[in-house]
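Trainee: This is the structure, below, for whatever I ask next.
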Amino acid sequence: MGSAEKRLNILFLGQCLQYGYEGLSRYDTFPHHAATILKAQFPTLRLKFDFKFLHHPTGLKAILKHRLAVTKPDIVLISLPAMFAATSWRVNMIYQIAPEIVDAARSFRRMVEARAKGASAHFAAAGKLFDSAFSVQPPLGLDEYERLIEEALAYCDRTNSCRVVLMGPGRFNEDTNEDYAIHNSELWSSVNNMILRVGARRNVPVVNAQDSLAEHGGEVFIANNHRFSQLGHEVVGREVANVLASQLAILNLRGRDARA
């Protein structure tokens, strides 16, 4: 197989920052900026980028287990924001425990709806059952947050099926008007430092978005919010690309060695 045919899959697990929101297209988010940079930097690689939602760290191990089995990514970047430690979070418990069941049910429902008239109402009701199984998770303590990350990384180590990159929270926006239960820059720094410790202990690379954004002012945020502005996404995207490039270089080198 020639090097031009080598394909590597990169999975982004994250929240709204990677999907876009009002005023910012998903194509202007940091994963897409990183993808553009990486495709130019590695023209001989066929890079495929996948994006999945991480609803809450309590389901991190389950969603990783599901994604590693289904899409088999070579690299997984896991975004771990401070918001899970700052506020209560409404999560779908079935998806947290068994995401493969929800995915299978939704796929089956779409297939039947496409083929049988009159089935829509029946399967819509079944879909609502899955979608209504919600629970409110209280703010995570840092020790619990760390334990959940460690548990997920230990699973990846055992399977040895992909390379993992962690990404901590961005910088705290002092001008935000969001009403979090614990609302201060110290918490954001504490979560970021915890993720850096886990990365160092596990020998897992970490995207330090907080440090990258520290060189800029409030222009890296949208007004009165923690979400990144277009500039913020560009800044973080460059840092993500730098970290992922080192992992792609390792995988590409191993591929060449295997063909030698």
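Each chain of the structure tokens is named A, B, ... in the order shown, its residues numbered from 1; ligands are numbered from 1 in display order.
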If we count only C-alpha atoms, what is near Arg201 of chain A at a cut-off of 10 Å, once residues fewer than 5 positions away on the same chain are taken out, given as a list in words?

Mentor: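 The residues satisfying every condition are Glu150, Ile195 and Leu196 of chain A.
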
Trainee: Please provide as a PyMOL selection string all residues within 8 Å of Pro169 of chain A, with the sequence filter that same-chain residues fewer than 4 positions apart are discarded (counting only C-alpha atoms).

Mentor: chain A and resi 79-82+188+191-192+208-210

Trainee: Since we have the selection now, will you write its residues out, keeping C-alpha atoms, as an mmCIF file, in the first residue's frame?

Mentor:
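Listed below is the output, part.cif:
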data_model
loop_
_atom_site.group_PDB
_atom_site.id
_atom_site.type_symbol
_atom_site.label_atom_id
_atom_site.label_comp_id
_atom_site.auth_asym_id
_atom_site.auth_seq_id
_atom_site.Cartn_x
_atom_site.Cartn_y
_atom_site.Cartn_z
ATOM 1 C CA SER A 79 -12.766 17.865 25.464
ATOM 2 C CA LEU A 80 -13.198 18.149 29.234
ATOM 3 C CA PRO A 81 -14.661 21.537 30.175
ATOM 4 C CA ALA A 82 -14.953 23.088 33.610
ATOM 5 C CA TRP A 188 -11.418 26.769 35.692
ATOM 6 C CA VAL A 191 -9.953 21.698 36.383
ATOM 7 C CA ASN A 192 -7.250 22.504 33.834
ATOM 8 C CA ASN A 208 -3.741 23.453 27.020
ATOM 9 C CA ALA A 209 -6.409 25.742 25.587
ATOM 10 C CA GLN A 210 -6.258 27.875 28.711
#

Trainee: If I take atom CA of Phe30 of chain A and atom CA of Glu219 of chain A, how far is one from the other in Å, to one decimal?

Mentor: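 These atoms are spaced 15.5 Å apart.
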
Trainee: What does the distance between atom CA of Phe49 of chain A and atom CA of Asn173 of chain A come to in Å, to one decimal place?

Mentor: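 Between atom CA of Phe49 of chain A and atom CA of Asn173 of chain A the gap works out to 29.2 Å.
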
Trainee: When distances are computed from only C-alpha atoms, which of A:Leu187, A:Ala85, A:Leu153, A:Leu77 shows the smallest separation from Val207 of chain A?

Mentor: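 Closest candidate: A:Leu77.
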
Trainee: Skipping near chain neighbours, those fewer than 5 positions away, what residues fall within 10 Å of Gly23 of chain A using only C-alpha atoms, listed as an NGL selection string?

Mentor: :A and (222 or 229-230)

Trainee: Would you pick out the contacts of Val165 of chain A at 12 Å or less, using only C-alpha atoms, so that residues sharing its chain but fewer than 5 positions from it are not included, and give the list as a PyMOL selection string?

Mentor: chain A and resi 10-13+74-80+149+153+156+195-196+198-200+202-208+240-248

Trainee: Contacts of Gln18 of chain A at 10 Å or less, counting only C-alpha atoms, minus same-chain residues fewer than 3 places along, as a PyMOL selection string?

Mentor: chain A and resi 12-15+21+25-32+51-53+79+233
